[in-house]
Structure formats: structure tokens, C-alpha cells
Amino acid sequence: MTQKQIEDVLRSVMHPVKEADIVTLGMVEDIKIEEGKIRFKLVFPSPDALSGSIKQSCEAAIKNAFPSENLKVSILELVRERKIAKKAHLELGQEALVNVGHIIAVASGKGGVGKSTVAVNLAIALAREGFRVGLADADVYGPSVPKMTATEGAQPVIEDEGGKEMIVPIEKYGVKWMSIGYFAEAGQPLIWRGPMASNALKQMVLQVKWGELDFLLIDLPPGTGDIHISIVHDIPLSGAIVVSTPQAVALADVEKGVNMFRNKDINKPILGFVENMAWFTPEELPENKYYIFGKDGCKAMSEKFDIPVLAQIPIVQSIRESGDNGSPVALTDRADSHAFRKLARKIIDMHA
Ligand SMILES: Nc1ncnc2c1ncn2[C@@H]1O[C@H](COP(=O)(O)OP(=O)(O)O)[C@@H](O)[C@H]1O
Ligand SMILES: [Mg+2]
């Protein structure tokens, strides 16, 4: 019997509310195997009413997997709150954010650069580090959270809260998701424009029952138009991440994005760039890097604007496939997920 086997068995134990297994949620630590005895820690990010039943499910799963071994299972339950202090100053209409720690916009000058891929994988990676995370998909023109998380068709419940209608987010993979896509007929393109778009987009953030969160990410629509300025102005962002490919065209738009956040009426800090599709490495030639969209494009921007490059993410087939099939790569421990884990740890360090 190995640690890995035990871990695999524990992957069958789901957290009933968070809709992910306890290993994926990062709740299992320090598995030890001694003669006839298995010990591990079950770590909860906050006090959890379901802890007793989850513990029982763990015991049952292990005994089931190794019926002949007459095993003793000893589980140490821990609550390790990793709550991040809140800083934002709230205005009228922002009550939904009262228990939200840091609000980070994920922006790009241009569509198709992987903004949603970065936002969704970062959300999952932050949750796996033990934080409470939400993601508002405010891309009115192309919401992609439902597909990327396989929650298409989910219909969020609307609750009345003191006369105000509030939308309950969808929980899955340890993250609370909200998307404008949950309110559109499947397959129908969203072509809202002007004030309607900007209102819908703000509702995805301000009219949602987020509850207590350490991080709320906002997947902004690509571009730097009036809608962006309006949302960036009206939501108490703690900062922004700008996603780009190294390609020059994308970078011209990046410059506009930087100027938008640094505009004197907006003035929100840019935490850094994420350079996506930074290179391609074929599986059969793992030492080779091909810079399909150019090399170190974000580095030049970084020097010009004095903004750090937080991550360089290669083009990897499994990143696309896992996004397309609703089970993002950040849920796994595969090598392709490491860039997102590193990015998450940088974001955590910046706010700790
Ligand atoms: N690093 C990557 N490697 C491979 N495919 C990627 C990567 N990043 C994004 N993609 C793919 O590129 C397409 C566009 O990404 P998406 O995140 O939807 O972009 P955006 O939100 O900026 O429009 C998607 O099909 C996605 O799976
Ligand atoms: Mg997108």
C-alpha cells in the first residue's frame, strides 16, 4: 500500500457542497502509512458543518478499498483559516461585496488571448491553496465560464434579500461561479450593447450572493471601451491582471489596457501581466521551445510600464482540451497545471 493509493481512494470522497473531491480541494495532507494504520490530516479552510460526515466517508472509502487488511484509520481534523483581510472601501449598491476580500479584474486588450482560461484556472488554483474564491464572468460578448466548468444549463436561484433580488452563485470545484451565460439560451450569441451590457455586467458582480470570499476574480470582456471604464470605475477593484500573447498586435491593445487602469479617474493598480501562449513545446521534444507568437513580448511591456510579468504560460494541448471539456487543468497535479499554481501563489503573496 502506498500514499498514492490512499490519495487515489480519497479522490472518491466528494465535498457535498463544493462539488469537488477532497484531494482536489487540497484538504488532504500528510498521509502516513504505518503497520495496520493509516493517518492523515483533513484540513478545512473554515469551520464546516459537514466535517463529521466527510470524515466518515473517508474511513468508509479506505476500508472499502482494502477490505482484507483490518486497517485502523486515524484522521486529524483541522481548521486552518486562510482568510485574507479586506481592504476595499464600499459605496452604496456594493453591499454584496461587504465580505469579499480582494477583487481582481482579469483583463485583456483583445479577445482570444486566453483571458478566460487564465481566470478560470487561477480561480481553481487559489481555491486549492485553501482560499475562498468566486469568479464573475462578465464577458457579455462571449461568456465562457459555463462551458469551461461544465455548468451549462445551470439555473442560478434568485433570492429576495430585504426587497432586493440576489442571484445565488453556482458552486463547483471549490469555487463560486457566476456568468452572464447562465441567463442566455444555450448557443445563442449575446449581442447586448451600450448601457444594457454594462448593467448586466455590473449585476454579475453586485447582485450576487457571494458571501465570504478571500478573492473575487472578474473575467472582463476584451477591450477598453466605455463598458470597461464604467465597470472598472464602479466596482471596488483591488487590482487587475492583464493577459496577453507575445504577439505585437495583442500588445498594442495591451498598452490601451494599461492606460485605462492608470487613467487618473480610474487609477487601479495593475498587479502584473500574464503572458499566455508564450511558447509551444511538442510532447516528443520536451526540451524544445518554439516561440510561435514571438518571444518575450510582455517583457518589453513590463520594462516600459514597470509592471511585473507574473507568469508565462505555454501553449499546451491539454490546456485547451481541459477547458473545452469543462474540467480545467488546474484541478490536476499534472505539469501543465504548475504555471497556474505558481501564479496563484504570487497573487496570494501580493495580498498576504
Ligand atoms: N495556454 C494555452 N494553451 C492552449 N490553448 C489555450 C491556452 N490558452 C487558451 N487556450 C485556448 O484558446 C482559446 C481562447 O481562450 P479563451 O480563454 O477563451 O480566451 P479569451 O477569454 O481571451 O477570449 C480557447 O479555445 C482556449 O482553450
Ligand atoms: Mg473569454
# chains A, B, ... in the order shown; residues from 1 in each chain; ligands from 1
call {"tool": "residues_around", "arguments": {"residues": "segment 248-256 of chain A", "least_positions_apart": "3", "cutoff": "10 Å", "atoms": "only C-alpha atoms", "output": "list in words"}}
result
Ala107, Ser108, Gly109, Lys110, Gly111, Gly112, Val113, Pro222, Gly223, Thr224, Gly225, Val242, Val243, Ser244, Thr245, Asn259, Met260, Phe261, Arg262, Phe273, Phe293, Gly294, Gly297, Cys298, Ala300, Met301, Lys304 and Phe305 of chain A
call {"tool": "write_last_selection", "arguments": {"atoms": "N, CA and C atoms", "output": "tab-separated table (two decimals), in the first residue's frame"}}
result
chain	number	residue	atom	x	y	z
A	107	ALA	N	-8.16	41.12	-17.29
A	107	ALA	CA	-8.47	41.92	-18.47
A	107	ALA	C	-7.57	41.54	-19.63
A	108	SER	N	-7.98	41.92	-20.84
A	108	SER	CA	-7.11	41.78	-22.00
A	108	SER	C	-7.53	42.83	-23.01
A	109	GLY	N	-6.58	43.24	-23.84
A	109	GLY	CA	-6.91	44.23	-24.85
A	109	GLY	C	-7.71	43.61	-25.98
A	110	LYS	N	-7.59	42.30	-26.12
A	110	LYS	CA	-8.02	41.63	-27.32
A	110	LYS	C	-8.66	40.30	-26.93
A	111	GLY	N	-9.62	39.83	-27.72
A	111	GLY	CA	-10.25	38.53	-27.44
A	111	GLY	C	-9.37	37.38	-27.89
A	112	GLY	N	-9.62	36.23	-27.32
A	112	GLY	CA	-8.94	35.02	-27.80
A	112	GLY	C	-7.52	34.84	-27.32
A	113	VAL	N	-7.08	35.67	-26.36
A	113	VAL	CA	-5.71	35.53	-25.88
A	113	VAL	C	-5.61	34.58	-24.69
A	222	PRO	N	-13.10	41.55	-23.44
A	222	PRO	CA	-11.87	42.09	-24.01
A	222	PRO	C	-12.08	43.53	-24.46
A	223	GLY	N	-11.03	44.31	-24.39
A	223	GLY	CA	-11.13	45.67	-24.91
A	223	GLY	C	-11.05	46.73	-23.83
A	224	THR	N	-11.20	47.96	-24.26
A	224	THR	CA	-11.03	49.08	-23.33
A	224	THR	C	-12.08	50.17	-23.58
A	225	GLY	N	-13.28	49.71	-23.99
A	225	GLY	CA	-14.32	50.70	-24.34
A	225	GLY	C	-15.03	51.28	-23.13
A	242	VAL	N	-3.45	41.68	-16.47
A	242	VAL	CA	-3.65	41.86	-17.91
A	242	VAL	C	-3.04	40.66	-18.65
A	243	VAL	N	-3.89	39.97	-19.39
A	243	VAL	CA	-3.44	38.77	-20.12
A	243	VAL	C	-3.16	39.16	-21.57
A	244	SER	N	-2.06	38.65	-22.09
A	244	SER	CA	-1.75	38.90	-23.49
A	244	SER	C	-0.93	37.74	-24.06
A	245	THR	N	-0.97	37.60	-25.36
A	245	THR	CA	0.01	36.74	-26.04
A	245	THR	C	1.20	37.64	-26.37
A	259	ASN	N	-3.24	51.86	-19.99
A	259	ASN	CA	-3.63	53.26	-19.85
A	259	ASN	C	-5.00	53.41	-19.23
A	260	MET	N	-5.89	52.46	-19.53
A	260	MET	CA	-7.23	52.53	-18.94
A	260	MET	C	-7.15	52.43	-17.41
A	261	PHE	N	-6.44	51.43	-16.92
A	261	PHE	CA	-6.37	51.26	-15.46
A	261	PHE	C	-5.60	52.41	-14.80
A	262	ARG	N	-4.68	53.00	-15.55
A	262	ARG	CA	-3.87	54.06	-14.96
A	262	ARG	C	-4.45	55.45	-15.19
A	273	PHE	N	1.33	41.36	-15.66
A	273	PHE	CA	0.93	40.73	-16.92
A	273	PHE	C	0.98	39.21	-16.76
A	293	PHE	N	4.27	32.89	-31.22
A	293	PHE	CA	3.72	34.26	-31.24
A	293	PHE	C	4.77	35.30	-30.87
A	294	GLY	N	6.05	34.95	-31.04
A	294	GLY	CA	7.12	35.89	-30.70
A	294	GLY	C	7.64	35.62	-29.31
A	297	GLY	N	7.43	39.03	-25.58
A	297	GLY	CA	6.72	40.26	-25.91
A	297	GLY	C	6.31	41.04	-24.66
A	298	CYS	N	5.89	40.32	-23.63
A	298	CYS	CA	5.42	41.00	-22.43
A	298	CYS	C	6.58	41.62	-21.65
A	300	ALA	N	9.05	43.37	-22.80
A	300	ALA	CA	9.23	44.74	-23.27
A	300	ALA	C	8.20	45.67	-22.62
A	301	MET	N	6.96	45.20	-22.59
A	301	MET	CA	5.88	45.97	-21.95
A	301	MET	C	6.16	46.16	-20.46
A	304	LYS	N	8.74	48.78	-20.05
A	304	LYS	CA	8.21	50.09	-20.43
A	304	LYS	C	7.32	50.67	-19.32
A	305	PHE	N	6.46	49.82	-18.74
A	305	PHE	CA	5.47	50.33	-17.78
A	305	PHE	C	5.82	50.02	-16.32
call {"tool": "select_by_dssp", "arguments": {"residues": "segment 68-284 of chain A", "states": "helix (DSSP H, G or I)", "output": "MDAnalysis selection string"}}
result
chainID A and resid 68:69 95:97 115:128 145:148 180:183 194:206 226:234 248:262
call {"tool": "closest_residue", "arguments": {"among": "A:Ala330, A:Ile33, A:Ile315, A:Leu285", "to": "ligand 1", "atoms": "only C-alpha atoms and all ligand atoms"}}
result
A:Ile315
call {"tool": "residues_around", "arguments": {"residues": "Phe66 of chain A", "least_positions_apart": "5", "cutoff": "12 Å", "atoms": "only C-alpha atoms", "output": "list in words"}}
result
Met1, Thr2, Gln5, Ile6, Val9, Gly36, Lys37, Ile38, Glu59, Ala60, Ala61, Leu71, Lys72 and Val73 of chain A
call {"tool": "residues_around", "arguments": {"residues": "Ala240 of chain A", "least_positions_apart": "5", "cutoff": "6 Å", "atoms": "only C-alpha atoms", "output": "PyMOL selection string"}}
result
chain A and resi 104-106+270-271
call {"tool": "write_last_selection", "arguments": {"atoms": "C-alpha atoms", "output": "mmCIF file, in the first residue's frame"}}
result
data_model
loop_
_atom_site.group_PDB
_atom_site.id
_atom_site.type_symbol
_atom_site.label_atom_id
_atom_site.label_comp_id
_atom_site.auth_asym_id
_atom_site.auth_seq_id
_atom_site.Cartn_x
_atom_site.Cartn_y
_atom_site.Cartn_z
ATOM 1 C CA ILE A 104 -9.199 41.333 -9.097
ATOM 2 C CA ALA A 105 -10.123 42.024 -12.709
ATOM 3 C CA VAL A 106 -8.697 39.766 -15.382
ATOM 4 C CA ILE A 270 -2.100 46.601 -12.311
ATOM 5 C CA LEU A 271 -0.772 43.580 -10.428
#
call {"tool": "residues_near_ligand", "arguments": {"ligand": "ligand 2", "cutoff": "9 Å", "atoms": "only C-alpha atoms and all ligand atoms", "output": "list in words"}}
result
Gly111, Gly112, Val113, Gly114, Lys115, Ser116, Thr117, Ala119, Asp137, Asp139, Tyr141, Gly142, Pro143, Ser144, Val145, Asp219, Leu220, Pro221 and Pro222 of chain A
call {"tool": "write_last_selection", "arguments": {"atoms": "all heavy atoms", "output": "compact mmCIF listing (two decimals), in the first residue's frame"}}
result
# COMPACT_ATOMS: atom_id res chain seq x y z
N GLY A 111 -9.62 39.83 -27.72
CA GLY A 111 -10.25 38.53 -27.44
C GLY A 111 -9.37 37.38 -27.89
O GLY A 111 -8.48 37.57 -28.71
N GLY A 112 -9.62 36.23 -27.32
CA GLY A 112 -8.94 35.02 -27.80
C GLY A 112 -7.52 34.84 -27.32
O GLY A 112 -6.81 33.96 -27.79
N VAL A 113 -7.08 35.67 -26.36
CA VAL A 113 -5.71 35.53 -25.88
C VAL A 113 -5.61 34.58 -24.69
O VAL A 113 -4.52 34.29 -24.21
CB VAL A 113 -5.09 36.90 -25.48
CG1 VAL A 113 -5.02 37.83 -26.68
CG2 VAL A 113 -5.87 37.56 -24.34
N GLY A 114 -6.76 34.10 -24.21
CA GLY A 114 -6.75 33.16 -23.10
C GLY A 114 -7.11 33.79 -21.77
O GLY A 114 -6.81 33.24 -20.70
N LYS A 115 -7.80 34.90 -21.81
CA LYS A 115 -8.21 35.58 -20.58
C LYS A 115 -9.08 34.67 -19.70
O LYS A 115 -8.83 34.53 -18.51
CB LYS A 115 -8.98 36.85 -20.96
CG LYS A 115 -9.54 37.64 -19.82
CD LYS A 115 -10.13 38.95 -20.31
CE LYS A 115 -11.08 38.76 -21.48
NZ LYS A 115 -12.25 37.93 -21.12
N SER A 116 -10.07 34.03 -20.31
CA SER A 116 -10.95 33.17 -19.51
C SER A 116 -10.21 31.93 -19.02
O SER A 116 -10.43 31.47 -17.90
CB SER A 116 -12.17 32.74 -20.33
OG SER A 116 -12.87 33.88 -20.75
N THR A 117 -9.34 31.41 -19.85
CA THR A 117 -8.55 30.24 -19.45
C THR A 117 -7.72 30.58 -18.21
O THR A 117 -7.66 29.80 -17.25
CB THR A 117 -7.62 29.81 -20.61
OG1 THR A 117 -8.44 29.53 -21.75
CG2 THR A 117 -6.80 28.61 -20.25
N ALA A 119 -8.33 33.10 -16.08
CA ALA A 119 -9.22 33.44 -14.96
C ALA A 119 -9.75 32.18 -14.27
O ALA A 119 -9.69 32.05 -13.04
CB ALA A 119 -10.37 34.33 -15.45
N ASP A 137 -18.06 36.03 -14.39
CA ASP A 137 -17.77 36.05 -15.82
C ASP A 137 -18.61 37.17 -16.42
O ASP A 137 -19.79 37.02 -16.64
CB ASP A 137 -18.17 34.69 -16.39
CG ASP A 137 -18.05 34.61 -17.91
OD1 ASP A 137 -17.47 35.53 -18.51
OD2 ASP A 137 -18.54 33.61 -18.46
N ASP A 139 -18.04 38.71 -19.26
CA ASP A 139 -17.80 38.88 -20.68
C ASP A 139 -19.13 38.75 -21.43
O ASP A 139 -19.52 37.66 -21.85
CB ASP A 139 -16.78 37.85 -21.18
CG ASP A 139 -16.30 38.16 -22.58
OD1 ASP A 139 -16.98 38.96 -23.27
OD2 ASP A 139 -15.25 37.64 -22.98
N TYR A 141 -20.01 39.49 -24.28
CA TYR A 141 -19.96 39.09 -25.69
C TYR A 141 -19.61 37.62 -25.87
O TYR A 141 -19.89 37.05 -26.90
CB TYR A 141 -18.96 39.97 -26.45
CG TYR A 141 -19.25 41.43 -26.27
CD1 TYR A 141 -18.30 42.30 -25.77
CD2 TYR A 141 -20.53 41.92 -26.55
CE1 TYR A 141 -18.59 43.64 -25.58
CE2 TYR A 141 -20.82 43.26 -26.36
CZ TYR A 141 -19.86 44.11 -25.88
OH TYR A 141 -20.16 45.43 -25.69
N GLY A 142 -18.96 37.03 -24.90
CA GLY A 142 -18.59 35.62 -25.07
C GLY A 142 -18.33 34.97 -23.73
O GLY A 142 -17.20 34.64 -23.39
N PRO A 143 -19.40 34.78 -22.92
CA PRO A 143 -19.17 34.17 -21.61
C PRO A 143 -18.67 32.75 -21.77
O PRO A 143 -19.25 31.99 -22.55
CB PRO A 143 -20.56 34.19 -20.96
CG PRO A 143 -21.53 34.29 -22.08
CD PRO A 143 -20.83 35.00 -23.21
N SER A 144 -17.60 32.38 -21.10
CA SER A 144 -17.11 31.03 -21.32
C SER A 144 -17.03 30.20 -20.05
O SER A 144 -16.67 29.03 -20.11
CB SER A 144 -15.75 31.07 -22.04
OG SER A 144 -14.97 32.11 -21.53
N VAL A 145 -17.39 30.80 -18.90
CA VAL A 145 -17.33 30.02 -17.66
C VAL A 145 -18.26 28.80 -17.67
O VAL A 145 -17.83 27.72 -17.25
CB VAL A 145 -17.59 30.93 -16.43
CG1 VAL A 145 -18.04 30.14 -15.23
CG2 VAL A 145 -16.31 31.71 -16.11
N ASP A 219 -13.83 38.19 -14.84
CA ASP A 219 -13.41 37.97 -16.23
C ASP A 219 -14.07 39.06 -17.06
O ASP A 219 -15.24 38.98 -17.40
CB ASP A 219 -13.87 36.56 -16.66
CG ASP A 219 -13.37 36.17 -18.03
OD1 ASP A 219 -12.76 37.01 -18.72
OD2 ASP A 219 -13.60 35.00 -18.43
N LEU A 220 -13.32 40.12 -17.34
CA LEU A 220 -13.86 41.28 -18.08
C LEU A 220 -13.98 40.96 -19.57
O LEU A 220 -13.22 40.14 -20.08
CB LEU A 220 -12.92 42.47 -17.93
CG LEU A 220 -12.90 43.25 -16.62
CD1 LEU A 220 -11.90 44.40 -16.76
CD2 LEU A 220 -14.28 43.80 -16.28
N PRO A 221 -14.87 41.63 -20.26
CA PRO A 221 -14.86 41.48 -21.72
C PRO A 221 -13.56 42.06 -22.29
O PRO A 221 -12.96 42.94 -21.67
CB PRO A 221 -16.05 42.33 -22.20
CG PRO A 221 -16.71 42.87 -20.99
CD PRO A 221 -15.88 42.59 -19.81
N PRO A 222 -13.10 41.55 -23.44
CA PRO A 222 -11.87 42.09 -24.01
C PRO A 222 -12.08 43.53 -24.46
O PRO A 222 -13.19 43.90 -24.82
CB PRO A 222 -11.61 41.19 -25.22
CG PRO A 222 -12.94 40.60 -25.57
CD PRO A 222 -13.70 40.51 -24.28
call {"tool": "select_by_dssp", "arguments": {"residues": "segment 142-189 of chain A", "states": "strand (DSSP E)", "output": "VMD selection string"}}
result
chain A and resid 158 to 161 164 to 167 170 to 172 175 to 179
call {"tool": "write_last_selection", "arguments": {"atoms": "all heavy atoms", "output": "short mmCIF file (atom, residue, chain, number, x, y, z; two decimals), in the first residue's frame"}}
result
data_model
loop_
_atom_site.label_atom_id
_atom_site.label_comp_id
_atom_site.auth_asym_id
_atom_site.auth_seq_id
_atom_site.Cartn_x
_atom_site.Cartn_y
_atom_site.Cartn_z
N ILE A 158 -32.73 32.77 -7.66
CA ILE A 158 -32.82 34.18 -7.29
C ILE A 158 -33.49 34.25 -5.92
O ILE A 158 -34.55 33.68 -5.72
CB ILE A 158 -33.68 34.97 -8.30
CG1 ILE A 158 -33.28 34.67 -9.74
CG2 ILE A 158 -33.66 36.46 -7.98
CD1 ILE A 158 -32.06 35.36 -10.26
N GLU A 159 -32.86 34.92 -4.99
CA GLU A 159 -33.45 35.05 -3.64
C GLU A 159 -33.74 36.51 -3.34
O GLU A 159 -33.01 37.39 -3.76
CB GLU A 159 -32.48 34.50 -2.59
CG GLU A 159 -32.42 33.00 -2.58
CD GLU A 159 -31.48 32.45 -1.51
OE1 GLU A 159 -30.89 33.26 -0.74
OE2 GLU A 159 -31.32 31.23 -1.46
N ASP A 160 -34.80 36.69 -2.59
CA ASP A 160 -35.14 38.04 -2.18
C ASP A 160 -34.39 38.35 -0.89
O ASP A 160 -34.44 37.60 0.06
CB ASP A 160 -36.65 38.13 -1.95
CG ASP A 160 -37.06 39.55 -1.58
OD1 ASP A 160 -36.86 39.94 -0.41
OD2 ASP A 160 -37.54 40.27 -2.47
N GLU A 161 -33.65 39.44 -0.91
CA GLU A 161 -32.92 39.79 0.30
C GLU A 161 -33.26 41.23 0.65
O GLU A 161 -32.77 42.16 0.00
CB GLU A 161 -31.42 39.64 0.05
CG GLU A 161 -30.68 39.17 1.30
CD GLU A 161 -29.20 38.98 1.00
OE1 GLU A 161 -28.55 39.95 0.59
OE2 GLU A 161 -28.71 37.85 1.17
N LYS A 164 -34.42 43.16 -2.24
CA LYS A 164 -33.54 43.19 -3.40
C LYS A 164 -33.34 41.77 -3.93
O LYS A 164 -33.12 40.85 -3.14
CB LYS A 164 -32.19 43.80 -2.99
CG LYS A 164 -31.39 44.23 -4.19
CD LYS A 164 -30.13 45.00 -3.82
CE LYS A 164 -29.39 45.31 -5.12
NZ LYS A 164 -27.98 45.45 -4.99
N GLU A 165 -33.44 41.60 -5.21
CA GLU A 165 -33.23 40.27 -5.80
C GLU A 165 -31.74 39.98 -5.91
O GLU A 165 -31.00 40.75 -6.49
CB GLU A 165 -33.86 40.20 -7.19
CG GLU A 165 -35.37 40.18 -7.15
CD GLU A 165 -35.97 39.84 -8.51
OE1 GLU A 165 -35.42 40.32 -9.52
OE2 GLU A 165 -36.96 39.11 -8.53
N MET A 166 -31.36 38.85 -5.33
CA MET A 166 -29.94 38.49 -5.36
C MET A 166 -29.78 37.12 -6.02
O MET A 166 -30.57 36.21 -5.79
CB MET A 166 -29.38 38.41 -3.93
CG MET A 166 -29.41 39.73 -3.18
SD MET A 166 -28.32 40.97 -3.89
CE MET A 166 -26.73 40.38 -3.33
N ILE A 167 -28.75 36.98 -6.84
CA ILE A 167 -28.52 35.72 -7.56
C ILE A 167 -27.56 34.85 -6.75
O ILE A 167 -26.52 35.33 -6.28
CB ILE A 167 -27.89 35.99 -8.94
CG1 ILE A 167 -28.61 37.15 -9.65
CG2 ILE A 167 -27.91 34.76 -9.80
CD1 ILE A 167 -27.84 37.72 -10.82
N ILE A 170 -23.24 29.53 -8.60
CA ILE A 170 -23.15 28.07 -8.78
C ILE A 170 -21.82 27.63 -8.17
O ILE A 170 -20.77 28.18 -8.50
CB ILE A 170 -23.16 27.72 -10.28
CG1 ILE A 170 -24.38 28.31 -11.00
CG2 ILE A 170 -23.05 26.21 -10.50
CD1 ILE A 170 -25.72 27.77 -10.56
N GLU A 171 -21.87 26.62 -7.26
CA GLU A 171 -20.61 26.15 -6.66
C GLU A 171 -20.14 24.87 -7.31
O GLU A 171 -20.89 23.91 -7.43
CB GLU A 171 -20.80 25.90 -5.16
CG GLU A 171 -20.37 27.10 -4.35
CD GLU A 171 -20.18 26.77 -2.87
OE1 GLU A 171 -19.15 26.18 -2.49
OE2 GLU A 171 -21.10 27.12 -2.13
N LYS A 172 -18.90 24.87 -7.73
CA LYS A 172 -18.31 23.65 -8.29
C LYS A 172 -16.79 23.79 -8.23
O LYS A 172 -16.28 24.91 -8.37
CB LYS A 172 -18.76 23.47 -9.74
CG LYS A 172 -18.39 22.12 -10.31
CD LYS A 172 -19.05 21.87 -11.64
CE LYS A 172 -18.63 20.51 -12.18
NZ LYS A 172 -19.22 20.24 -13.48
N VAL A 175 -15.19 26.57 -6.10
CA VAL A 175 -15.27 28.00 -6.47
C VAL A 175 -16.73 28.38 -6.67
O VAL A 175 -17.54 27.55 -7.10
CB VAL A 175 -14.47 28.25 -7.78
CG1 VAL A 175 -14.64 29.68 -8.27
CG2 VAL A 175 -13.00 27.93 -7.58
N LYS A 176 -17.08 29.61 -6.33
CA LYS A 176 -18.43 30.12 -6.64
C LYS A 176 -18.39 30.83 -7.99
O LYS A 176 -17.65 31.80 -8.16
CB LYS A 176 -18.89 31.10 -5.55
CG LYS A 176 -19.16 30.42 -4.22
CD LYS A 176 -19.59 31.43 -3.18
CE LYS A 176 -19.88 30.72 -1.87
NZ LYS A 176 -20.06 31.68 -0.76
N TRP A 177 -19.20 30.36 -8.93
CA TRP A 177 -19.18 30.89 -10.29
C TRP A 177 -20.44 31.68 -10.58
O TRP A 177 -21.53 31.26 -10.21
CB TRP A 177 -19.10 29.76 -11.32
CG TRP A 177 -18.04 28.74 -11.07
CD1 TRP A 177 -18.21 27.52 -10.46
CD2 TRP A 177 -16.65 28.81 -11.42
NE1 TRP A 177 -17.02 26.84 -10.43
CE2 TRP A 177 -16.05 27.61 -11.01
CE3 TRP A 177 -15.87 29.78 -12.06
CZ2 TRP A 177 -14.69 27.34 -11.20
CZ3 TRP A 177 -14.53 29.51 -12.25
CH2 TRP A 177 -13.95 28.31 -11.83
N MET A 178 -20.28 32.78 -11.27
CA MET A 178 -21.44 33.48 -11.80
C MET A 178 -21.10 33.91 -13.21
O MET A 178 -20.00 34.39 -13.48
CB MET A 178 -21.77 34.70 -10.92
CG MET A 178 -23.00 35.46 -11.33
SD MET A 178 -24.41 34.42 -11.79
CE MET A 178 -24.67 33.44 -10.33
N SER A 179 -22.07 33.71 -14.12
CA SER A 179 -21.80 34.05 -15.52
C SER A 179 -23.05 34.57 -16.17
O SER A 179 -24.15 34.06 -15.93
CB SER A 179 -21.32 32.81 -16.27
OG SER A 179 -21.26 33.08 -17.65
#
call {"tool": "atom_distance", "arguments": {"atom1": "atom CA of Val232 of chain A", "atom2": "atom CA of Ile266 of chain A"}}
result
7.0 Å
call {"tool": "residues_around", "arguments": {"residues": "Ala278 of chain A", "least_positions_apart": "3", "cutoff": "6 Å", "atoms": "only C-alpha atoms", "output": "list in words"}}
result
Glu275, Gln312, Ile313 and Pro314 of chain A
call {"tool": "residues_around", "arguments": {"residues": "Ser57 of chain A", "least_positions_apart": "3", "cutoff": "10 Å", "atoms": "only C-alpha atoms", "output": "list in words"}}
result
Leu10, Ser12, Val13, Met14, His15, Ser51, Gly52, Ser53, Ile54, Ala60, Ala61, Ile62 and Lys63 of chain A
call {"tool": "closest_residue", "arguments": {"among": "A:Glu321, A:Glu283, A:Asp333, A:Glu95", "to": "ligand 1", "atoms": "only C-alpha atoms and all ligand atoms"}}
result
A:Glu321
call {"tool": "residues_around", "arguments": {"residues": "Ala150 of chain A", "least_positions_apart": "5", "cutoff": "9 Å", "atoms": "only C-alpha atoms", "output": "list in words"}}
result
Val145, Asp324, Asn325, Gly326 and Ser327 of chain A
call {"tool": "write_last_selection", "arguments": {"atoms": "C-alpha atoms", "output": "PDB file, in the first residue's frame"}}
result
ATOM      1  CA  VAL A 145     -17.329  30.025 -17.656  1.00  0.00           C
ATOM      2  CA  ASP A 324     -13.306  22.632 -23.711  1.00  0.00           C
ATOM      3  CA  ASN A 325     -14.449  19.617 -21.731  1.00  0.00           C
ATOM      4  CA  GLY A 326     -15.264  21.533 -18.570  1.00  0.00           C
ATOM      5  CA  SER A 327     -12.574  20.154 -16.308  1.00  0.00           C
TER       6      SER A 327
END
call {"tool": "closest_residue", "arguments": {"among": "A:Ile235, A:Ala127, A:Ile348, A:Val168", "to": "Leu90 of chain A", "atoms": "only C-alpha atoms"}}
result
A:Ile235
call {"tool": "atom_distance", "arguments": {"atom1": "atom CA of Ala344 of chain A", "atom2": "atom CA of Phe280 of chain A"}}
result
22.0 Å
call {"tool": "decode", "arguments": {"residues": "segment 101-112 of chain A", "atoms": "N, CA, C and O atoms", "output": "compact mmCIF listing (two decimals), in the first residue's frame"}}
result
# COMPACT_ATOMS: atom_id res chain seq x y z
N GLY A 101 -12.84 39.88 0.19
CA GLY A 101 -11.52 40.44 0.49
C GLY A 101 -10.93 41.27 -0.64
O GLY A 101 -10.85 42.49 -0.56
N HIS A 102 -10.54 40.61 -1.72
CA HIS A 102 -9.86 41.31 -2.81
C HIS A 102 -10.56 41.04 -4.13
O HIS A 102 -10.83 39.89 -4.45
N ILE A 103 -10.81 42.08 -4.86
CA ILE A 103 -11.50 41.94 -6.15
C ILE A 103 -10.48 42.23 -7.24
O ILE A 103 -9.89 43.31 -7.30
N ILE A 104 -10.25 41.22 -8.07
CA ILE A 104 -9.20 41.33 -9.10
C ILE A 104 -9.81 41.14 -10.48
O ILE A 104 -10.45 40.12 -10.75
N ALA A 105 -9.63 42.14 -11.33
CA ALA A 105 -10.12 42.02 -12.71
C ALA A 105 -9.09 41.30 -13.56
O ALA A 105 -7.90 41.54 -13.42
N VAL A 106 -9.58 40.40 -14.40
CA VAL A 106 -8.70 39.77 -15.38
C VAL A 106 -9.08 40.37 -16.74
O VAL A 106 -10.21 40.20 -17.20
N ALA A 107 -8.16 41.12 -17.29
CA ALA A 107 -8.47 41.92 -18.47
C ALA A 107 -7.57 41.54 -19.63
O ALA A 107 -6.52 40.92 -19.44
N SER A 108 -7.98 41.92 -20.84
CA SER A 108 -7.11 41.78 -22.00
C SER A 108 -7.53 42.83 -23.01
O SER A 108 -8.67 43.27 -23.02
N GLY A 109 -6.58 43.24 -23.84
CA GLY A 109 -6.91 44.23 -24.85
C GLY A 109 -7.71 43.61 -25.98
O GLY A 109 -8.46 44.29 -26.67
N LYS A 110 -7.59 42.30 -26.12
CA LYS A 110 -8.02 41.63 -27.32
C LYS A 110 -8.66 40.30 -26.93
O LYS A 110 -8.25 39.71 -25.93
N GLY A 111 -9.62 39.83 -27.72
CA GLY A 111 -10.25 38.53 -27.44
C GLY A 111 -9.37 37.38 -27.89
O GLY A 111 -8.48 37.57 -28.71
N GLY A 112 -9.62 36.23 -27.32
CA GLY A 112 -8.94 35.02 -27.80
C GLY A 112 -7.52 34.84 -27.32
O GLY A 112 -6.81 33.96 -27.79
